[in-house]
Amino acid sequence: MITLKSSHEIELMRRAGKITAAARALAGEMVRPGVTTQEIDSAVEHFIRKQGAVPSFLHYNGYPASACISVNDEIIHGIPGPRVLQEGDIVNVDMTTIVDGYYADASRMFIIGKTTPEKEQLVRVAKECLEIGAEVAKPYSFVGDIGHAIENHCKKYGYGVVRDLCGHGVGCEFHEEPEVLHYGHKGTGMLLVPGMVFTIEPMINMGTWKVFIDADDPYGWEVITGDEKPSAQWEHTFVMTEHGVEVLTY
């Protein structure tokens, strides 16, 4: 069931979004060779709590950290730990914060130093996919319009759009309706109306769209590309207005 958000609820999510964005920026300052993903996670958790917010990933269904830090062929839910970042890595930092019971969710990519042209293009195209999805998300359009536009853009590059994971509604729950698929057909899915809050978060693989769960992850969270080629993802939380979407996670 969809719950349209009041102006008060949207303001709480806007506050959470600003903290999420600032924490993500802090992580970006730390993403460099020689730094461990655990060091980044610890700094992020400290920052979020200092703002009076809560890192929502921590202990969510057993997840053991405050951020998801996914490197190269890790699509999403990379668990921070002793891994040392290297020159040429592409890194996704994903985090969600809670303010007075309301959530805001965002992620972005970072390139460490000089990487390959292929990885640079993948990161750029994934960002374009987020922007294209947001551009077609108009009031009284359909969720399927978003996925259709994203998938068509990716086809130009031969990339795979992950199908096993998707965007989602956001509010006083981490994941609400609607599901926002990043592939599909125009005119399908739920109608987008003012007051809806949701993420667009396309996961774009250099090769196949298929995925698997890392067998070495004892928590069962880390999602890897099916052919172990690199993946990239960008994400924002949006509120639908009468004029189009507004980003809450800047």
# chains A, B, ... in the order shown; residues from 1 in each chain; ligands from 1

$ closest_atom_pairs --of "region 68-118 of chain A" --to "region 150-165 of chain A" --cutoff "12 Å" --atoms "only C-alpha atoms" --output "Markdown table"
| residue | atom | partner | partner_atom | distance |
| --- | --- | --- | --- | --- |
| A:Ile75 | CA | A:Val162 | CA | 8.8 |
| A:Ile76 | CA | A:Leu165 | CA | 9.2 |
| A:His77 | CA | A:Leu165 | CA | 11.1 |
| A:Glu118 | CA | A:Tyr157 | CA | 10.6 |

$ write_last_selection --atoms "all heavy atoms" --output "CSV table (one decimal), in the first residue's frame"
chain,number,residue,atom,x,y,z
A,75,ILE,N,28.3,-5.5,-6.7
A,75,ILE,CA,27.2,-4.6,-7.1
A,75,ILE,C,26.7,-3.7,-6.0
A,75,ILE,O,26.5,-2.5,-6.1
A,75,ILE,CB,26.1,-5.4,-7.7
A,75,ILE,CG1,26.6,-6.3,-8.9
A,75,ILE,CG2,24.9,-4.5,-8.2
A,75,ILE,CD1,25.6,-7.3,-9.4
A,76,ILE,N,26.4,-4.4,-4.9
A,76,ILE,CA,25.7,-3.7,-3.8
A,76,ILE,C,25.9,-4.5,-2.5
A,76,ILE,O,26.3,-5.7,-2.5
A,76,ILE,CB,24.2,-3.6,-4.1
A,76,ILE,CG1,23.5,-2.6,-3.2
A,76,ILE,CG2,23.5,-4.9,-4.1
A,76,ILE,CD1,22.1,-2.2,-3.7
A,77,HIS,N,25.8,-3.8,-1.4
A,77,HIS,CA,25.8,-4.4,0.0
A,77,HIS,C,27.2,-5.0,0.3
A,77,HIS,O,27.4,-5.9,1.1
A,77,HIS,CB,24.8,-5.6,0.1
A,77,HIS,CG,23.4,-5.2,-0.2
A,77,HIS,ND1,22.5,-6.1,-0.6
A,77,HIS,CD2,22.8,-4.0,0.0
A,77,HIS,CE1,21.3,-5.4,-0.8
A,77,HIS,NE2,21.5,-4.1,-0.4
A,118,GLU,N,37.4,1.8,-19.7
A,118,GLU,CA,36.2,1.1,-19.6
A,118,GLU,C,35.5,1.3,-18.3
A,118,GLU,O,34.2,1.4,-18.2
A,118,GLU,CB,36.5,-0.4,-19.8
A,118,GLU,CG,37.0,-0.8,-21.1
A,118,GLU,CD,38.5,-0.5,-21.4
A,118,GLU,OE1,39.2,-0.2,-20.4
A,118,GLU,OE2,38.9,-0.6,-22.5

$ select_by_dssp --residues "region 190-239 of chain A" --states "strand (DSSP E or B)" --output "PyMOL selection string"
chain A and resi 191+197-200+203-205+211-213+223-225+231-233+235-239

$ closest_residue --among "A:Gln233, A:Thr199, A:Asn92, A:Thr97" --to "Met13 (chain A)" --atoms "only C-alpha atoms"
A:Thr97

$ closest_residue --among "A:Ile98, A:Pro194, A:Asp73, A:Trp234" --to "Asp214 (chain A)" --atoms "only C-alpha atoms"
A:Asp73

$ closest_residue --among "A:Asp100, A:Gly34, A:Ala126, A:Ile48" --to "Gln86 (chain A)" --atoms "only C-alpha atoms"
A:Gly34

$ closest_residue --among "A:Ile40, A:Ile10, A:Ala106, A:Val193" --to "Pro80 (chain A)" --atoms "only C-alpha atoms"
A:Ile40

$ atom_distance --atom1 "CA of Gln38 (chain A)" --atom2 "CA of Leu58 (chain A)"
13.2 Å

$ residues_around --residues "Phe198 (chain A)" --least-positions-apart "2" --cutoff "10 Å" --atoms "only C-alpha atoms" --output "PDB file with N, CA, C and O atoms, in the first residue's frame"
ATOM      1  N   ALA A 104      16.203   8.366   4.559  1.00  0.00           N
ATOM      2  CA  ALA A 104      16.658   8.897   3.265  1.00  0.00           C
ATOM      3  C   ALA A 104      17.850   8.068   2.827  1.00  0.00           C
ATOM      4  O   ALA A 104      18.759   7.799   3.619  1.00  0.00           O
ATOM      5  N   ASP A 105      17.864   7.684   1.566  1.00  0.00           N
ATOM      6  CA  ASP A 105      18.773   6.656   1.048  1.00  0.00           C
ATOM      7  C   ASP A 105      19.490   7.202  -0.186  1.00  0.00           C
ATOM      8  O   ASP A 105      18.851   7.774  -1.069  1.00  0.00           O
ATOM      9  N   GLY A 167      14.890  -0.088  -7.082  1.00  0.00           N
ATOM     10  CA  GLY A 167      14.570   1.024  -6.222  1.00  0.00           C
ATOM     11  C   GLY A 167      13.284   0.741  -5.451  1.00  0.00           C
ATOM     12  O   GLY A 167      12.609  -0.277  -5.674  1.00  0.00           O
ATOM     13  N   HIS A 168      12.897   1.668  -4.567  1.00  0.00           N
ATOM     14  CA  HIS A 168      11.792   1.368  -3.652  1.00  0.00           C
ATOM     15  C   HIS A 168      11.250   2.652  -3.039  1.00  0.00           C
ATOM     16  O   HIS A 168      11.930   3.689  -3.002  1.00  0.00           O
ATOM     17  N   GLY A 169      10.048   2.554  -2.530  1.00  0.00           N
ATOM     18  CA  GLY A 169       9.496   3.643  -1.754  1.00  0.00           C
ATOM     19  C   GLY A 169      10.256   3.830  -0.457  1.00  0.00           C
ATOM     20  O   GLY A 169      10.905   2.912   0.051  1.00  0.00           O
ATOM     21  N   VAL A 170      10.204   5.043   0.080  1.00  0.00           N
ATOM     22  CA  VAL A 170      10.907   5.393   1.319  1.00  0.00           C
ATOM     23  C   VAL A 170       9.948   6.210   2.191  1.00  0.00           C
ATOM     24  O   VAL A 170       9.140   6.987   1.688  1.00  0.00           O
ATOM     25  N   GLY A 171      10.085   6.029   3.503  1.00  0.00           N
ATOM     26  CA  GLY A 171       9.259   6.805   4.424  1.00  0.00           C
ATOM     27  C   GLY A 171       9.632   6.483   5.847  1.00  0.00           C
ATOM     28  O   GLY A 171      10.788   6.604   6.234  1.00  0.00           O
ATOM     29  N   HIS A 175      12.080   0.195   3.307  1.00  0.00           N
ATOM     30  CA  HIS A 175      11.606  -0.200   1.982  1.00  0.00           C
ATOM     31  C   HIS A 175      10.084  -0.219   1.977  1.00  0.00           C
ATOM     32  O   HIS A 175       9.469  -0.981   2.722  1.00  0.00           O
ATOM     33  N   GLU A 176       9.506   0.622   1.144  1.00  0.00           N
ATOM     34  CA  GLU A 176       8.061   0.693   0.984  1.00  0.00           C
ATOM     35  C   GLU A 176       7.722   0.511  -0.497  1.00  0.00           C
ATOM     36  O   GLU A 176       8.604   0.408  -1.357  1.00  0.00           O
ATOM     37  N   GLU A 177       6.439   0.465  -0.801  1.00  0.00           N
ATOM     38  CA  GLU A 177       6.022   0.492  -2.199  1.00  0.00           C
ATOM     39  C   GLU A 177       6.186   1.916  -2.726  1.00  0.00           C
ATOM     40  O   GLU A 177       6.113   2.876  -1.954  1.00  0.00           O
ATOM     41  N   PRO A 178       6.424   2.079  -4.036  1.00  0.00           N
ATOM     42  CA  PRO A 178       6.444   1.047  -5.065  1.00  0.00           C
ATOM     43  C   PRO A 178       7.841   0.454  -5.262  1.00  0.00           C
ATOM     44  O   PRO A 178       8.845   1.052  -4.856  1.00  0.00           O
ATOM     45  N   GLU A 179       7.907  -0.714  -5.887  1.00  0.00           N
ATOM     46  CA  GLU A 179       9.176  -1.196  -6.421  1.00  0.00           C
ATOM     47  C   GLU A 179       9.485  -0.410  -7.688  1.00  0.00           C
ATOM     48  O   GLU A 179       8.623  -0.246  -8.546  1.00  0.00           O
ATOM     49  N   VAL A 180      10.715   0.080  -7.787  1.00  0.00           N
ATOM     50  CA  VAL A 180      11.124   0.864  -8.961  1.00  0.00           C
ATOM     51  C   VAL A 180      12.132   0.035  -9.741  1.00  0.00           C
ATOM     52  O   VAL A 180      13.330   0.016  -9.433  1.00  0.00           O
ATOM     53  N   LEU A 192       2.688   7.320 -10.779  1.00  0.00           N
ATOM     54  CA  LEU A 192       3.463   8.203  -9.911  1.00  0.00           C
ATOM     55  C   LEU A 192       2.658   9.476  -9.638  1.00  0.00           C
ATOM     56  O   LEU A 192       2.301  10.201 -10.572  1.00  0.00           O
ATOM     57  N   GLY A 195       3.484  13.489  -3.712  1.00  0.00           N
ATOM     58  CA  GLY A 195       3.478  12.978  -2.355  1.00  0.00           C
ATOM     59  C   GLY A 195       4.165  11.640  -2.204  1.00  0.00           C
ATOM     60  O   GLY A 195       4.454  11.211  -1.082  1.00  0.00           O
ATOM     61  N   MET A 196       4.452  10.968  -3.313  1.00  0.00           N
ATOM     62  CA  MET A 196       5.197   9.711  -3.258  1.00  0.00           C
ATOM     63  C   MET A 196       6.684  10.015  -3.081  1.00  0.00           C
ATOM     64  O   MET A 196       7.206  10.962  -3.672  1.00  0.00           O
ATOM     65  N   ILE A 200      15.519   6.034  -6.965  1.00  0.00           N
ATOM     66  CA  ILE A 200      15.953   5.496  -8.257  1.00  0.00           C
ATOM     67  C   ILE A 200      17.414   5.158  -8.057  1.00  0.00           C
ATOM     68  O   ILE A 200      18.194   6.007  -7.614  1.00  0.00           O
ATOM     69  N   GLU A 201      17.808   3.926  -8.328  1.00  0.00           N
ATOM     70  CA  GLU A 201      19.155   3.478  -7.995  1.00  0.00           C
ATOM     71  C   GLU A 201      19.657   2.407  -8.968  1.00  0.00           C
ATOM     72  O   GLU A 201      19.949   1.282  -8.571  1.00  0.00           O
ATOM     73  N   HIS A 236      19.553   8.323  -5.590  1.00  0.00           N
ATOM     74  CA  HIS A 236      19.007   9.419  -4.793  1.00  0.00           C
ATOM     75  C   HIS A 236      17.618   9.032  -4.300  1.00  0.00           C
ATOM     76  O   HIS A 236      16.947   8.163  -4.891  1.00  0.00           O
ATOM     77  N   THR A 237      17.188   9.673  -3.230  1.00  0.00           N
ATOM     78  CA  THR A 237      15.796   9.626  -2.796  1.00  0.00           C
ATOM     79  C   THR A 237      15.084  10.845  -3.355  1.00  0.00           C
ATOM     80  O   THR A 237      15.583  11.969  -3.234  1.00  0.00           O
ATOM     81  N   PHE A 238      13.924  10.619  -3.961  1.00  0.00           N
ATOM     82  CA  PHE A 238      13.163  11.680  -4.616  1.00  0.00           C
ATOM     83  C   PHE A 238      11.763  11.784  -4.009  1.00  0.00           C
ATOM     84  O   PHE A 238      11.177  10.779  -3.608  1.00  0.00           O
ATOM     85  N   VAL A 239      11.220  12.990  -3.987  1.00  0.00           N
ATOM     86  CA  VAL A 239       9.804  13.188  -3.716  1.00  0.00           C
ATOM     87  C   VAL A 239       9.146  13.680  -5.000  1.00  0.00           C
ATOM     88  O   VAL A 239       9.693  14.549  -5.697  1.00  0.00           O
ATOM     89  N   MET A 240       7.996  13.099  -5.327  1.00  0.00           N
ATOM     90  CA  MET A 240       7.257  13.542  -6.499  1.00  0.00           C
ATOM     91  C   MET A 240       6.417  14.762  -6.127  1.00  0.00           C
ATOM     92  O   MET A 240       5.672  14.747  -5.138  1.00  0.00           O
ATOM     93  N   VAL A 245      10.175  15.487 -10.007  1.00  0.00           N
ATOM     94  CA  VAL A 245      10.810  15.014  -8.781  1.00  0.00           C
ATOM     95  C   VAL A 245      11.765  16.057  -8.200  1.00  0.00           C
ATOM     96  O   VAL A 245      12.402  16.812  -8.922  1.00  0.00           O
ATOM     97  N   VAL A 247      15.034  16.124  -5.517  1.00  0.00           N
ATOM     98  CA  VAL A 247      16.014  15.279  -4.848  1.00  0.00           C
ATOM     99  C   VAL A 247      16.063  15.651  -3.368  1.00  0.00           C
ATOM    100  O   VAL A 247      16.221  16.824  -3.018  1.00  0.00           O
ATOM    101  N   LEU A 248      15.963  14.645  -2.498  1.00  0.00           N
ATOM    102  CA  LEU A 248      16.032  14.886  -1.055  1.00  0.00           C
ATOM    103  C   LEU A 248      17.406  14.582  -0.484  1.00  0.00           C
ATOM    104  O   LEU A 248      17.648  14.853   0.702  1.00  0.00           O
TER     105      LEU A 248
END

$ closest_residue --among "A:Lys138, A:Lys229, A:Lys5, A:Lys50" --to "Ala22 (chain A)" --atoms "only C-alpha atoms"
A:Lys50

$ residues_around --residues "His46 (chain A)" --least-positions-apart "5" --cutoff "10 Å" --atoms "only C-alpha atoms" --output "mmCIF file with C-alpha atoms, in the first residue's frame"
data_model
loop_
_atom_site.group_PDB
_atom_site.id
_atom_site.type_symbol
_atom_site.label_atom_id
_atom_site.label_comp_id
_atom_site.auth_asym_id
_atom_site.auth_seq_id
_atom_site.Cartn_x
_atom_site.Cartn_y
_atom_site.Cartn_z
ATOM 1 C CA ALA A 23 28.101 11.481 5.322
ATOM 2 C CA ASP A 41 32.520 2.915 7.810
ATOM 3 C CA GLN A 51 24.236 14.822 13.724
ATOM 4 C CA VAL A 54 20.801 6.890 13.094
ATOM 5 C CA PRO A 55 22.655 4.789 10.466
ATOM 6 C CA SER A 66 26.645 1.444 8.920
#

$ closest_residue --among "A:Pro33, A:Gly189, A:Gly17, A:Gly226" --to "Thr96 (chain A)" --atoms "only C-alpha atoms"
A:Gly17

$ atom_distance --atom1 "CA of Met206 (chain A)" --atom2 "CA of Leu122 (chain A)"
6.6 Å

$ atom_distance --atom1 "CA of Phe57 (chain A)" --atom2 "CA of Met95 (chain A)"
7.1 Å
